[in-house]
>>> print(open('coords_16.txt').read())   # compact mmCIF, N, CA and C atoms
# COMPACT_ATOMS: atom_id res chain seq x y z
N SER T 1 41.14 -0.73 37.52
CA SER T 1 41.37 -2.17 37.56
C SER T 1 40.13 -2.91 38.06
N CYS T 2 39.52 -2.39 39.11
CA CYS T 2 38.34 -3.07 39.66
C CYS T 2 37.20 -3.07 38.64
N ARG T 3 37.05 -1.98 37.91
CA ARG T 3 36.00 -1.88 36.90
C ARG T 3 36.22 -2.93 35.81
N GLN T 4 37.46 -3.09 35.36
CA GLN T 4 37.77 -4.09 34.34
C GLN T 4 37.52 -5.50 34.88
N LEU T 5 37.89 -5.73 36.14
CA LEU T 5 37.63 -7.04 36.74
C LEU T 5 36.13 -7.30 36.82
N LEU T 6 35.37 -6.27 37.19
CA LEU T 6 33.91 -6.40 37.24
C LEU T 6 33.37 -6.78 35.87
N PHE T 7 33.76 -6.06 34.83
CA PHE T 7 33.24 -6.35 33.49
C PHE T 7 33.61 -7.77 33.06
N GLY T 8 34.84 -8.17 33.31
CA GLY T 8 35.27 -9.51 32.92
C GLY T 8 34.52 -10.59 33.66
N GLN T 9 34.40 -10.44 34.96
CA GLN T 9 33.70 -11.44 35.76
C GLN T 9 32.21 -11.45 35.47
N LEU T 10 31.64 -10.28 35.23
CA LEU T 10 30.22 -10.20 34.89
C LEU T 10 29.96 -10.92 33.58
N ASP T 11 30.82 -10.71 32.61
CA ASP T 11 30.72 -11.39 31.32
C ASP T 11 30.76 -12.90 31.52
N ILE T 12 31.73 -13.39 32.27
CA ILE T 12 31.85 -14.83 32.50
C ILE T 12 30.63 -15.36 33.26
N GLU T 13 30.18 -14.63 34.25
CA GLU T 13 29.02 -15.05 35.05
C GLU T 13 27.77 -15.16 34.18
N LEU T 14 27.55 -14.17 33.32
CA LEU T 14 26.37 -14.20 32.47
C LEU T 14 26.42 -15.35 31.47
N TYR T 15 27.59 -15.62 30.91
CA TYR T 15 27.71 -16.69 29.93
C TYR T 15 27.77 -18.07 30.57
N SER T 16 28.23 -18.16 31.80
CA SER T 16 28.42 -19.46 32.44
C SER T 16 27.25 -19.90 33.32
N ASN T 17 26.67 -18.96 34.06
CA ASN T 17 25.72 -19.35 35.10
C ASN T 17 24.34 -18.74 35.00
N PHE T 18 24.17 -17.72 34.17
CA PHE T 18 22.89 -17.04 34.10
C PHE T 18 21.83 -17.94 33.47
N ASP T 19 20.66 -18.00 34.10
CA ASP T 19 19.55 -18.82 33.62
C ASP T 19 18.46 -17.88 33.11
N ALA T 20 18.45 -17.64 31.81
CA ALA T 20 17.49 -16.70 31.21
C ALA T 20 16.05 -17.15 31.42
N GLU T 21 15.79 -18.46 31.34
CA GLU T 21 14.43 -18.95 31.52
C GLU T 21 13.94 -18.70 32.94
N ALA T 22 14.80 -18.95 33.92
CA ALA T 22 14.42 -18.70 35.32
C ALA T 22 14.21 -17.21 35.56
N ALA T 23 15.04 -16.38 34.93
CA ALA T 23 14.89 -14.93 35.08
C ALA T 23 13.58 -14.47 34.48
N GLU T 24 13.27 -14.99 33.31
CA GLU T 24 12.04 -14.58 32.62
C GLU T 24 10.79 -14.99 33.40
N SER T 25 10.85 -16.14 34.05
CA SER T 25 9.69 -16.60 34.82
C SER T 25 9.60 -15.92 36.19
N GLY T 26 10.63 -15.18 36.55
CA GLY T 26 10.64 -14.51 37.86
C GLY T 26 11.21 -15.37 38.96
N GLU T 27 11.66 -16.57 38.63
CA GLU T 27 12.19 -17.49 39.63
C GLU T 27 13.70 -17.34 39.83
N GLY T 28 14.36 -16.64 38.94
CA GLY T 28 15.81 -16.48 39.03
C GLY T 28 16.19 -15.01 38.98
N GLU T 29 17.48 -14.78 39.05
CA GLU T 29 18.01 -13.42 38.98
C GLU T 29 17.85 -12.85 37.58
N SER T 30 17.59 -11.55 37.52
CA SER T 30 17.63 -10.85 36.24
C SER T 30 19.09 -10.52 35.93
N VAL T 31 19.38 -10.12 34.71
CA VAL T 31 20.75 -9.72 34.38
C VAL T 31 21.18 -8.55 35.26
N PHE T 32 20.23 -7.71 35.63
CA PHE T 32 20.55 -6.56 36.46
C PHE T 32 20.85 -6.98 37.91
N ASP T 33 20.17 -8.04 38.37
CA ASP T 33 20.49 -8.61 39.68
C ASP T 33 21.92 -9.16 39.67
N VAL T 34 22.27 -9.84 38.60
CA VAL T 34 23.63 -10.39 38.47
C VAL T 34 24.63 -9.25 38.46
N GLN T 35 24.32 -8.19 37.72
CA GLN T 35 25.22 -7.03 37.66
C GLN T 35 25.43 -6.44 39.06
N ARG T 36 24.36 -6.28 39.83
CA ARG T 36 24.49 -5.73 41.18
C ARG T 36 25.27 -6.68 42.10
N ARG T 37 25.01 -7.99 41.97
CA ARG T 37 25.73 -8.97 42.80
C ARG T 37 27.24 -8.93 42.50
N MET T 38 27.58 -8.87 41.23
CA MET T 38 28.99 -8.82 40.86
C MET T 38 29.61 -7.48 41.25
N ALA T 39 28.87 -6.40 41.11
CA ALA T 39 29.37 -5.07 41.50
C ALA T 39 29.65 -5.03 43.00
N GLN T 40 28.81 -5.69 43.78
CA GLN T 40 29.02 -5.72 45.23
C GLN T 40 30.37 -6.33 45.57
N LYS T 41 30.80 -7.29 44.76
CA LYS T 41 32.08 -7.95 45.01
C LYS T 41 33.26 -7.14 44.49
N TYR T 42 33.13 -6.55 43.29
CA TYR T 42 34.28 -5.93 42.64
C TYR T 42 34.33 -4.40 42.75
N THR T 43 33.18 -3.76 42.87
CA THR T 43 33.16 -2.29 42.99
C THR T 43 32.11 -1.86 44.02
N PRO T 44 32.23 -2.32 45.26
CA PRO T 44 31.21 -2.00 46.27
C PRO T 44 31.11 -0.50 46.57
N TYR T 45 32.13 0.25 46.23
CA TYR T 45 32.15 1.69 46.44
C TYR T 45 31.42 2.44 45.33
N SER T 46 31.00 1.73 44.29
CA SER T 46 30.36 2.35 43.13
C SER T 46 29.26 1.45 42.60
N MET T 47 28.28 1.21 43.42
CA MET T 47 27.19 0.32 43.03
C MET T 47 26.31 0.97 41.97
N PRO T 48 25.80 0.16 41.03
CA PRO T 48 24.90 0.72 40.02
C PRO T 48 23.59 1.17 40.66
N LEU T 49 23.02 2.24 40.14
CA LEU T 49 21.72 2.70 40.60
C LEU T 49 20.66 1.69 40.18
N GLU T 50 19.54 1.68 40.86
CA GLU T 50 18.46 0.73 40.56
C GLU T 50 18.03 0.84 39.08
N GLU T 51 18.02 2.06 38.56
CA GLU T 51 17.59 2.25 37.17
C GLU T 51 18.72 2.10 36.14
N ASP T 52 19.90 1.73 36.60
CA ASP T 52 21.05 1.56 35.70
C ASP T 52 20.75 0.46 34.68
N ARG T 53 20.99 0.75 33.42
CA ARG T 53 20.79 -0.23 32.35
C ARG T 53 22.02 -0.31 31.46
N PHE T 54 23.18 -0.13 32.06
CA PHE T 54 24.44 -0.20 31.34
C PHE T 54 24.54 -1.48 30.50
N LEU T 55 24.07 -2.58 31.06
CA LEU T 55 24.19 -3.86 30.35
C LEU T 55 23.51 -3.84 28.98
N CYS T 56 22.50 -3.01 28.84
CA CYS T 56 21.81 -2.92 27.55
C CYS T 56 22.71 -2.35 26.45
N THR T 57 23.75 -1.65 26.85
CA THR T 57 24.66 -1.05 25.86
C THR T 57 26.05 -1.67 25.91
N PHE T 58 26.23 -2.70 26.69
CA PHE T 58 27.54 -3.33 26.82
C PHE T 58 27.77 -4.25 25.62
N GLY T 59 27.96 -3.62 24.47
CA GLY T 59 28.07 -4.33 23.21
C GLY T 59 29.19 -5.34 23.15
N HIS T 60 30.25 -5.13 23.94
CA HIS T 60 31.36 -6.08 23.93
C HIS T 60 30.89 -7.50 24.20
N ILE T 61 30.01 -7.66 25.15
CA ILE T 61 29.63 -9.01 25.54
C ILE T 61 28.37 -9.51 24.86
N PHE T 62 27.55 -8.60 24.33
CA PHE T 62 26.31 -9.06 23.71
C PHE T 62 26.35 -8.98 22.19
N ALA T 63 27.13 -8.08 21.63
CA ALA T 63 27.13 -7.93 20.18
C ALA T 63 28.54 -7.86 19.59
N GLY T 64 29.53 -7.94 20.43
CA GLY T 64 30.89 -7.75 19.95
C GLY T 64 31.67 -9.01 19.69
N GLY T 65 31.06 -10.16 19.85
CA GLY T 65 31.74 -11.41 19.56
C GLY T 65 32.69 -11.87 20.67
N TYR T 66 32.59 -11.30 21.85
CA TYR T 66 33.51 -11.68 22.91
C TYR T 66 33.07 -12.96 23.61
N SER T 67 31.79 -13.13 23.85
CA SER T 67 31.26 -14.35 24.47
C SER T 67 32.15 -14.89 25.57
N ALA T 68 32.11 -14.29 26.71
CA ALA T 68 32.89 -14.66 27.89
C ALA T 68 34.38 -14.44 27.67
N GLY T 69 34.73 -13.48 26.84
CA GLY T 69 36.13 -13.20 26.57
C GLY T 69 36.57 -11.81 26.98
N TYR T 70 35.70 -11.05 27.63
CA TYR T 70 36.07 -9.69 28.01
C TYR T 70 37.26 -9.67 28.96
N TYR T 71 37.39 -10.73 29.77
CA TYR T 71 38.51 -10.82 30.71
C TYR T 71 39.86 -10.70 29.99
N SER T 72 39.87 -10.97 28.70
CA SER T 72 41.14 -10.97 27.96
C SER T 72 41.83 -9.61 27.99
N TYR T 73 41.07 -8.53 28.18
CA TYR T 73 41.69 -7.21 28.32
C TYR T 73 42.65 -7.20 29.52
N LYS T 74 42.16 -7.65 30.65
CA LYS T 74 42.99 -7.65 31.86
C LYS T 74 44.10 -8.69 31.75
N TRP T 75 43.79 -9.85 31.15
CA TRP T 75 44.79 -10.88 30.99
C TRP T 75 45.92 -10.37 30.10
N ALA T 76 45.60 -9.62 29.07
CA ALA T 76 46.63 -9.05 28.18
C ALA T 76 47.51 -8.09 28.97
N GLU T 77 46.93 -7.33 29.89
CA GLU T 77 47.72 -6.43 30.73
C GLU T 77 48.67 -7.21 31.62
N VAL T 78 48.19 -8.32 32.17
CA VAL T 78 49.03 -9.16 33.02
C VAL T 78 50.23 -9.67 32.22
N MET T 79 49.95 -10.20 31.03
CA MET T 79 51.04 -10.77 30.22
C MET T 79 52.01 -9.69 29.75
N SER T 80 51.49 -8.53 29.38
CA SER T 80 52.34 -7.44 28.92
C SER T 80 53.27 -6.95 30.03
N ALA T 81 52.69 -6.73 31.20
CA ALA T 81 53.50 -6.25 32.33
C ALA T 81 54.54 -7.30 32.73
N ASP T 82 54.15 -8.56 32.73
CA ASP T 82 55.08 -9.63 33.10
C ASP T 82 56.19 -9.75 32.07
N ALA T 83 55.86 -9.61 30.79
CA ALA T 83 56.89 -9.66 29.75
C ALA T 83 57.87 -8.51 29.93
N PHE T 84 57.37 -7.30 30.19
CA PHE T 84 58.26 -6.17 30.42
C PHE T 84 59.10 -6.40 31.67
N GLY T 85 58.54 -7.14 32.62
CA GLY T 85 59.28 -7.48 33.83
C GLY T 85 60.57 -8.22 33.54
N ALA T 86 60.63 -8.95 32.43
CA ALA T 86 61.87 -9.65 32.06
C ALA T 86 62.98 -8.64 31.80
N PHE T 87 62.62 -7.51 31.20
CA PHE T 87 63.60 -6.46 30.94
C PHE T 87 63.99 -5.76 32.25
N GLU T 88 62.99 -5.55 33.11
CA GLU T 88 63.28 -4.93 34.41
C GLU T 88 64.20 -5.82 35.24
N ASP T 89 63.98 -7.13 35.16
CA ASP T 89 64.77 -8.07 35.95
C ASP T 89 66.26 -7.99 35.64
N VAL T 90 66.62 -7.72 34.39
CA VAL T 90 68.04 -7.65 34.04
C VAL T 90 68.61 -6.25 34.22
N GLY T 91 67.74 -5.30 34.51
CA GLY T 91 68.18 -3.92 34.71
C GLY T 91 68.06 -3.13 33.41
N LEU T 92 67.18 -2.18 33.40
CA LEU T 92 66.92 -1.41 32.18
C LEU T 92 68.13 -0.60 31.72
N ASP T 93 69.07 -0.38 32.61
CA ASP T 93 70.29 0.35 32.25
C ASP T 93 71.38 -0.57 31.72
N ASN T 94 71.16 -1.87 31.79
CA ASN T 94 72.15 -2.84 31.35
C ASN T 94 71.89 -3.14 29.86
N GLU T 95 72.50 -2.36 29.00
CA GLU T 95 72.22 -2.42 27.57
C GLU T 95 72.43 -3.81 26.98
N GLU T 96 73.49 -4.47 27.36
CA GLU T 96 73.77 -5.80 26.81
C GLU T 96 72.72 -6.82 27.24
N ALA T 97 72.35 -6.79 28.52
CA ALA T 97 71.34 -7.73 29.03
C ALA T 97 69.97 -7.44 28.43
N VAL T 98 69.64 -6.16 28.26
CA VAL T 98 68.36 -5.78 27.65
C VAL T 98 68.32 -6.27 26.20
N LYS T 99 69.43 -6.15 25.50
CA LYS T 99 69.51 -6.64 24.12
C LYS T 99 69.30 -8.15 24.08
N GLU T 100 69.87 -8.86 25.01
CA GLU T 100 69.72 -10.31 25.08
C GLU T 100 68.26 -10.71 25.33
N VAL T 101 67.63 -10.03 26.27
CA VAL T 101 66.21 -10.30 26.56
C VAL T 101 65.36 -9.93 25.34
N GLY T 102 65.72 -8.84 24.68
CA GLY T 102 64.99 -8.43 23.49
C GLY T 102 65.07 -9.46 22.38
N MET T 103 66.24 -10.06 22.22
CA MET T 103 66.40 -11.12 21.21
C MET T 103 65.56 -12.34 21.58
N LYS T 104 65.53 -12.66 22.87
CA LYS T 104 64.70 -13.80 23.31
C LYS T 104 63.22 -13.48 23.07
N PHE T 105 62.82 -12.25 23.33
CA PHE T 105 61.44 -11.82 23.08
C PHE T 105 61.12 -11.97 21.58
N ARG T 106 62.04 -11.50 20.74
CA ARG T 106 61.84 -11.58 19.29
C ARG T 106 61.74 -13.03 18.83
N ASN T 107 62.60 -13.89 19.38
CA ASN T 107 62.65 -15.28 18.95
C ASN T 107 61.52 -16.15 19.51
N THR T 108 60.81 -15.63 20.48
CA THR T 108 59.68 -16.39 21.04
C THR T 108 58.37 -15.66 20.73
N VAL T 109 58.08 -14.62 21.46
CA VAL T 109 56.79 -13.93 21.35
C VAL T 109 56.53 -13.43 19.93
N LEU T 110 57.47 -12.72 19.36
CA LEU T 110 57.25 -12.15 18.04
C LEU T 110 57.37 -13.17 16.92
N SER T 111 58.26 -14.13 17.04
CA SER T 111 58.47 -15.10 15.97
C SER T 111 57.43 -16.21 15.96
N LEU T 112 57.05 -16.70 17.11
CA LEU T 112 56.13 -17.83 17.17
C LEU T 112 54.69 -17.41 16.94
N GLY T 113 54.35 -16.20 17.41
CA GLY T 113 53.01 -15.66 17.17
C GLY T 113 51.90 -16.65 17.41
N GLY T 114 51.00 -16.76 16.43
CA GLY T 114 49.85 -17.64 16.56
C GLY T 114 50.11 -19.08 16.19
N GLY T 115 51.35 -19.43 15.89
CA GLY T 115 51.67 -20.80 15.51
C GLY T 115 51.81 -21.74 16.69
N VAL T 116 51.90 -21.17 17.88
CA VAL T 116 52.06 -21.95 19.11
C VAL T 116 51.07 -21.37 20.12
N PRO T 117 50.44 -22.20 20.95
CA PRO T 117 49.52 -21.66 21.95
C PRO T 117 50.18 -20.56 22.79
N PRO T 118 49.45 -19.47 23.06
CA PRO T 118 50.03 -18.31 23.76
C PRO T 118 50.73 -18.64 25.08
N MET T 119 50.18 -19.55 25.86
CA MET T 119 50.81 -19.88 27.14
C MET T 119 52.17 -20.52 26.91
N GLU T 120 52.26 -21.36 25.90
CA GLU T 120 53.55 -22.00 25.60
C GLU T 120 54.58 -20.96 25.14
N VAL T 121 54.13 -20.01 24.34
CA VAL T 121 55.03 -18.94 23.88
C VAL T 121 55.55 -18.15 25.08
N PHE T 122 54.63 -17.78 25.97
CA PHE T 122 55.03 -17.00 27.15
C PHE T 122 56.01 -17.80 28.00
N GLU T 123 55.71 -19.07 28.20
CA GLU T 123 56.59 -19.91 29.02
C GLU T 123 57.97 -20.05 28.38
N GLN T 124 58.03 -20.11 27.06
CA GLN T 124 59.34 -20.16 26.40
C GLN T 124 60.10 -18.86 26.63
N PHE T 125 59.38 -17.75 26.65
CA PHE T 125 60.04 -16.46 26.86
C PHE T 125 60.47 -16.27 28.31
N ARG T 126 59.55 -16.46 29.23
CA ARG T 126 59.83 -16.17 30.64
C ARG T 126 60.30 -17.38 31.44
N GLY T 127 60.09 -18.58 30.93
CA GLY T 127 60.49 -19.77 31.66
C GLY T 127 59.49 -20.17 32.73
N ARG T 128 58.31 -19.59 32.68
CA ARG T 128 57.26 -19.86 33.65
C ARG T 128 55.95 -19.27 33.13
N GLN T 129 54.86 -19.58 33.82
CA GLN T 129 53.56 -18.98 33.48
C GLN T 129 53.52 -17.54 33.98
N PRO T 130 52.69 -16.71 33.37
CA PRO T 130 52.59 -15.32 33.81
C PRO T 130 52.00 -15.19 35.21
N THR T 131 52.41 -14.15 35.91
CA THR T 131 51.85 -13.82 37.22
C THR T 131 51.42 -12.36 37.19
N PRO T 132 50.49 -11.97 38.04
CA PRO T 132 50.05 -10.58 38.07
C PRO T 132 51.00 -9.64 38.84
N ASP T 133 52.08 -10.16 39.37
CA ASP T 133 52.96 -9.37 40.22
C ASP T 133 53.44 -8.07 39.57
N ALA T 134 53.92 -8.15 38.34
CA ALA T 134 54.44 -6.96 37.66
C ALA T 134 53.33 -5.95 37.42
N LEU T 135 52.15 -6.41 37.03
CA LEU T 135 51.03 -5.49 36.81
C LEU T 135 50.66 -4.78 38.10
N LEU T 136 50.60 -5.52 39.18
CA LEU T 136 50.29 -4.90 40.48
C LEU T 136 51.36 -3.88 40.85
N ARG T 137 52.61 -4.23 40.60
CA ARG T 137 53.72 -3.30 40.91
C ARG T 137 53.63 -2.05 40.03
N HIS T 138 53.39 -2.23 38.75
CA HIS T 138 53.30 -1.10 37.82
C HIS T 138 52.12 -0.19 38.15
N ASN T 139 51.08 -0.74 38.74
CA ASN T 139 49.91 0.06 39.11
C ASN T 139 50.00 0.59 40.54
N GLY T 140 51.15 0.38 41.18
CA GLY T 140 51.35 0.88 42.54
C GLY T 140 50.58 0.12 43.59
N LEU T 141 50.23 -1.12 43.30
CA LEU T 141 49.43 -1.92 44.24
C LEU T 141 50.25 -2.97 44.97
N ALA T 142 51.55 -3.02 44.70
CA ALA T 142 52.42 -3.98 45.38
C ALA T 142 53.78 -3.38 45.60
>>> encode(input="coords_16.txt", output="structure tokens")
Amino acid sequence: SCRQLLFGQLDIELYSNFDAEAAESGEGESVFDVQRRMAQKYTPYSMPLEEDRFLCTFGHIFAGGYSAGYYSYKWAEVMSADAFGAFEDVGLDNEEAVKEVGMKFRNTVLSLGGGVPPMEVFEQFRGRQPTPDALLRHNGLA
């Protein structure tokens, strides 16, 4: 989880705040400085070595069309776990209630798809915005 958070935040940091001109002139941070700064926050137990050049091969953010979208991996996990939480909330052994939630899932998430903004679809299904609580619980962190 921390590694995914690091990659997502690093992607956003590079696209939002990185100053390539300042880095090139030596007046600003290099991409590797940014990587180390972000690693210190998200994975301090696993800092990159000085000669680490992982960023040179991180195709997701430089050649994969993500452009500050890598965080979507973790966000998708949050939404998935929270959606499954609706089934957990009614009791997975309660066949009738699970069927009811399943129909609501079908009529919102599966039926509306890309025709409605994703947050609106989720809110129609769950009655609220997603929270990370279920993901944390499923990962044994809460």
>>> closest_residue(input="coords_16.txt", among="T:Arg36, T:Met79, T:Glu100, T:Ser46", to="T:Thr131", atoms="only N, CA and C atoms")
T:Met79
>>> atom_distance(input="coords_16.txt", atom1="atom CA of T:Asn107", atom2="atom CA of T:Asn94")
20.0 Å
>>> select_by_dssp(input="coords_16.txt", residues="stretch 13-140 of chain T", states="alpha helix (DSSP H)", output="PyMOL selection string")
chain T and resi 13-16+20-25+31-42+59-62+72-90+95-105+111-112+118-126+133-138
>>> atom_distance(input="coords_16.txt", atom1="atom CA of T:Gln129", atom2="atom CA of T:Glu77")
14.1 Å
>>> atom_distance(input="coords_16.txt", atom1="atom N of T:Pro132", atom2="atom N of T:Gly69")
19.4 Å
>>> residues_around(input="coords_16.txt", residues="T:Gly8", least_positions_apart="6", cutoff="12 Å", atoms="only C-alpha atoms", output="VMD selection string")
chain T and resid 1 to 2 14 to 15 35 38 to 39 42 58 60 to 61 66 to 75
>>> write_last_selection(input="coords_16.txt", atoms="N, CA and C atoms", output="PDB file, keeping the file's coordinate frame")
ATOM      1  N   SER T   1      41.140  -0.730  37.520  1.00  0.00           N
ATOM      2  CA  SER T   1      41.370  -2.170  37.560  1.00  0.00           C
ATOM      3  C   SER T   1      40.130  -2.910  38.060  1.00  0.00           C
ATOM      4  N   CYS T   2      39.520  -2.390  39.110  1.00  0.00           N
ATOM      5  CA  CYS T   2      38.340  -3.070  39.660  1.00  0.00           C
ATOM      6  C   CYS T   2      37.200  -3.070  38.640  1.00  0.00           C
ATOM      7  N   LEU T  14      27.550 -14.170  33.320  1.00  0.00           N
ATOM      8  CA  LEU T  14      26.370 -14.200  32.470  1.00  0.00           C
ATOM      9  C   LEU T  14      26.420 -15.350  31.470  1.00  0.00           C
ATOM     10  N   TYR T  15      27.590 -15.620  30.910  1.00  0.00           N
ATOM     11  CA  TYR T  15      27.710 -16.690  29.930  1.00  0.00           C
ATOM     12  C   TYR T  15      27.770 -18.070  30.570  1.00  0.00           C
ATOM     13  N   GLN T  35      24.320  -8.190  37.720  1.00  0.00           N
ATOM     14  CA  GLN T  35      25.220  -7.030  37.660  1.00  0.00           C
ATOM     15  C   GLN T  35      25.430  -6.440  39.060  1.00  0.00           C
ATOM     16  N   MET T  38      27.580  -8.870  41.230  1.00  0.00           N
ATOM     17  CA  MET T  38      28.990  -8.820  40.860  1.00  0.00           C
ATOM     18  C   MET T  38      29.610  -7.480  41.250  1.00  0.00           C
ATOM     19  N   ALA T  39      28.870  -6.400  41.110  1.00  0.00           N
ATOM     20  CA  ALA T  39      29.370  -5.070  41.500  1.00  0.00           C
ATOM     21  C   ALA T  39      29.650  -5.030  43.000  1.00  0.00           C
ATOM     22  N   TYR T  42      33.130  -6.550  43.290  1.00  0.00           N
ATOM     23  CA  TYR T  42      34.280  -5.930  42.640  1.00  0.00           C
ATOM     24  C   TYR T  42      34.330  -4.400  42.750  1.00  0.00           C
ATOM     25  N   PHE T  58      26.230  -2.700  26.690  1.00  0.00           N
ATOM     26  CA  PHE T  58      27.540  -3.330  26.820  1.00  0.00           C
ATOM     27  C   PHE T  58      27.770  -4.250  25.620  1.00  0.00           C
ATOM     28  N   HIS T  60      30.250  -5.130  23.940  1.00  0.00           N
ATOM     29  CA  HIS T  60      31.360  -6.080  23.930  1.00  0.00           C
ATOM     30  C   HIS T  60      30.890  -7.500  24.200  1.00  0.00           C
ATOM     31  N   ILE T  61      30.010  -7.660  25.150  1.00  0.00           N
ATOM     32  CA  ILE T  61      29.630  -9.010  25.540  1.00  0.00           C
ATOM     33  C   ILE T  61      28.370  -9.510  24.860  1.00  0.00           C
ATOM     34  N   TYR T  66      32.590 -11.300  21.850  1.00  0.00           N
ATOM     35  CA  TYR T  66      33.510 -11.680  22.910  1.00  0.00           C
ATOM     36  C   TYR T  66      33.070 -12.960  23.610  1.00  0.00           C
ATOM     37  N   SER T  67      31.790 -13.130  23.850  1.00  0.00           N
ATOM     38  CA  SER T  67      31.260 -14.350  24.470  1.00  0.00           C
ATOM     39  C   SER T  67      32.150 -14.890  25.570  1.00  0.00           C
ATOM     40  N   ALA T  68      32.110 -14.290  26.710  1.00  0.00           N
ATOM     41  CA  ALA T  68      32.890 -14.660  27.890  1.00  0.00           C
ATOM     42  C   ALA T  68      34.380 -14.440  27.670  1.00  0.00           C
ATOM     43  N   GLY T  69      34.730 -13.480  26.840  1.00  0.00           N
ATOM     44  CA  GLY T  69      36.130 -13.200  26.570  1.00  0.00           C
ATOM     45  C   GLY T  69      36.570 -11.810  26.980  1.00  0.00           C
ATOM     46  N   TYR T  70      35.700 -11.050  27.630  1.00  0.00           N
ATOM     47  CA  TYR T  70      36.070  -9.690  28.010  1.00  0.00           C
ATOM     48  C   TYR T  70      37.260  -9.670  28.960  1.00  0.00           C
ATOM     49  N   TYR T  71      37.390 -10.730  29.770  1.00  0.00           N
ATOM     50  CA  TYR T  71      38.510 -10.820  30.710  1.00  0.00           C
ATOM     51  C   TYR T  71      39.860 -10.700  29.990  1.00  0.00           C
ATOM     52  N   SER T  72      39.870 -10.970  28.700  1.00  0.00           N
ATOM     53  CA  SER T  72      41.140 -10.970  27.960  1.00  0.00           C
ATOM     54  C   SER T  72      41.830  -9.610  27.990  1.00  0.00           C
ATOM     55  N   TYR T  73      41.070  -8.530  28.180  1.00  0.00           N
ATOM     56  CA  TYR T  73      41.690  -7.210  28.320  1.00  0.00           C
ATOM     57  C   TYR T  73      42.650  -7.200  29.520  1.00  0.00           C
ATOM     58  N   LYS T  74      42.160  -7.650  30.650  1.00  0.00           N
ATOM     59  CA  LYS T  74      42.990  -7.650  31.860  1.00  0.00           C
ATOM     60  C   LYS T  74      44.100  -8.690  31.750  1.00  0.00           C
ATOM     61  N   TRP T  75      43.790  -9.850  31.150  1.00  0.00           N
ATOM     62  CA  TRP T  75      44.790 -10.880  30.990  1.00  0.00           C
ATOM     63  C   TRP T  75      45.920 -10.370  30.100  1.00  0.00           C
TER      64      TRP T  75
END
>>> closest_residue(input="coords_16.txt", among="T:His138, T:Gln4, T:Gln124, T:Val31", to="T:Asp19", atoms="only N, CA and C atoms")
T:Val31
>>> closest_residue(input="coords_16.txt", among="T:Leu6, T:Glu95, T:Val116, T:Val34", to="T:Phe18", atoms="only C-alpha atoms")
T:Val34
>>> residues_around(input="coords_16.txt", residues="stretch 84-92 of chain T", least_positions_apart="5", cutoff="7 Å", atoms="all atoms listed in the file", output="ChimeraX atom specification")
/T:79,97-98,101,126,134
>>> closest_residue(input="coords_16.txt", among="T:Glu21, T:Asp93, T:Asp82, T:Glu29", to="T:Pro130", atoms="all atoms listed in the file")
T:Asp82
>>> residues_around(input="coords_16.txt", residues="T:Val109", least_positions_apart="3", cutoff="8 Å", atoms="only N, CA and C atoms", output="NGL selection string")
:T and (103-106 or 112-114 or 121-122 or 124-125)
>>> axis_aligned_box(input="coords_16.txt", around="stretch 27-43 of chain T", padding_each_side="4 Å", output="lines of an AutoDock Vina configuration file")
center_x = 23.0
center_y = -9.7
center_z = 40.0
size_x = 30.7
size_y = 23.6
size_z = 19.2
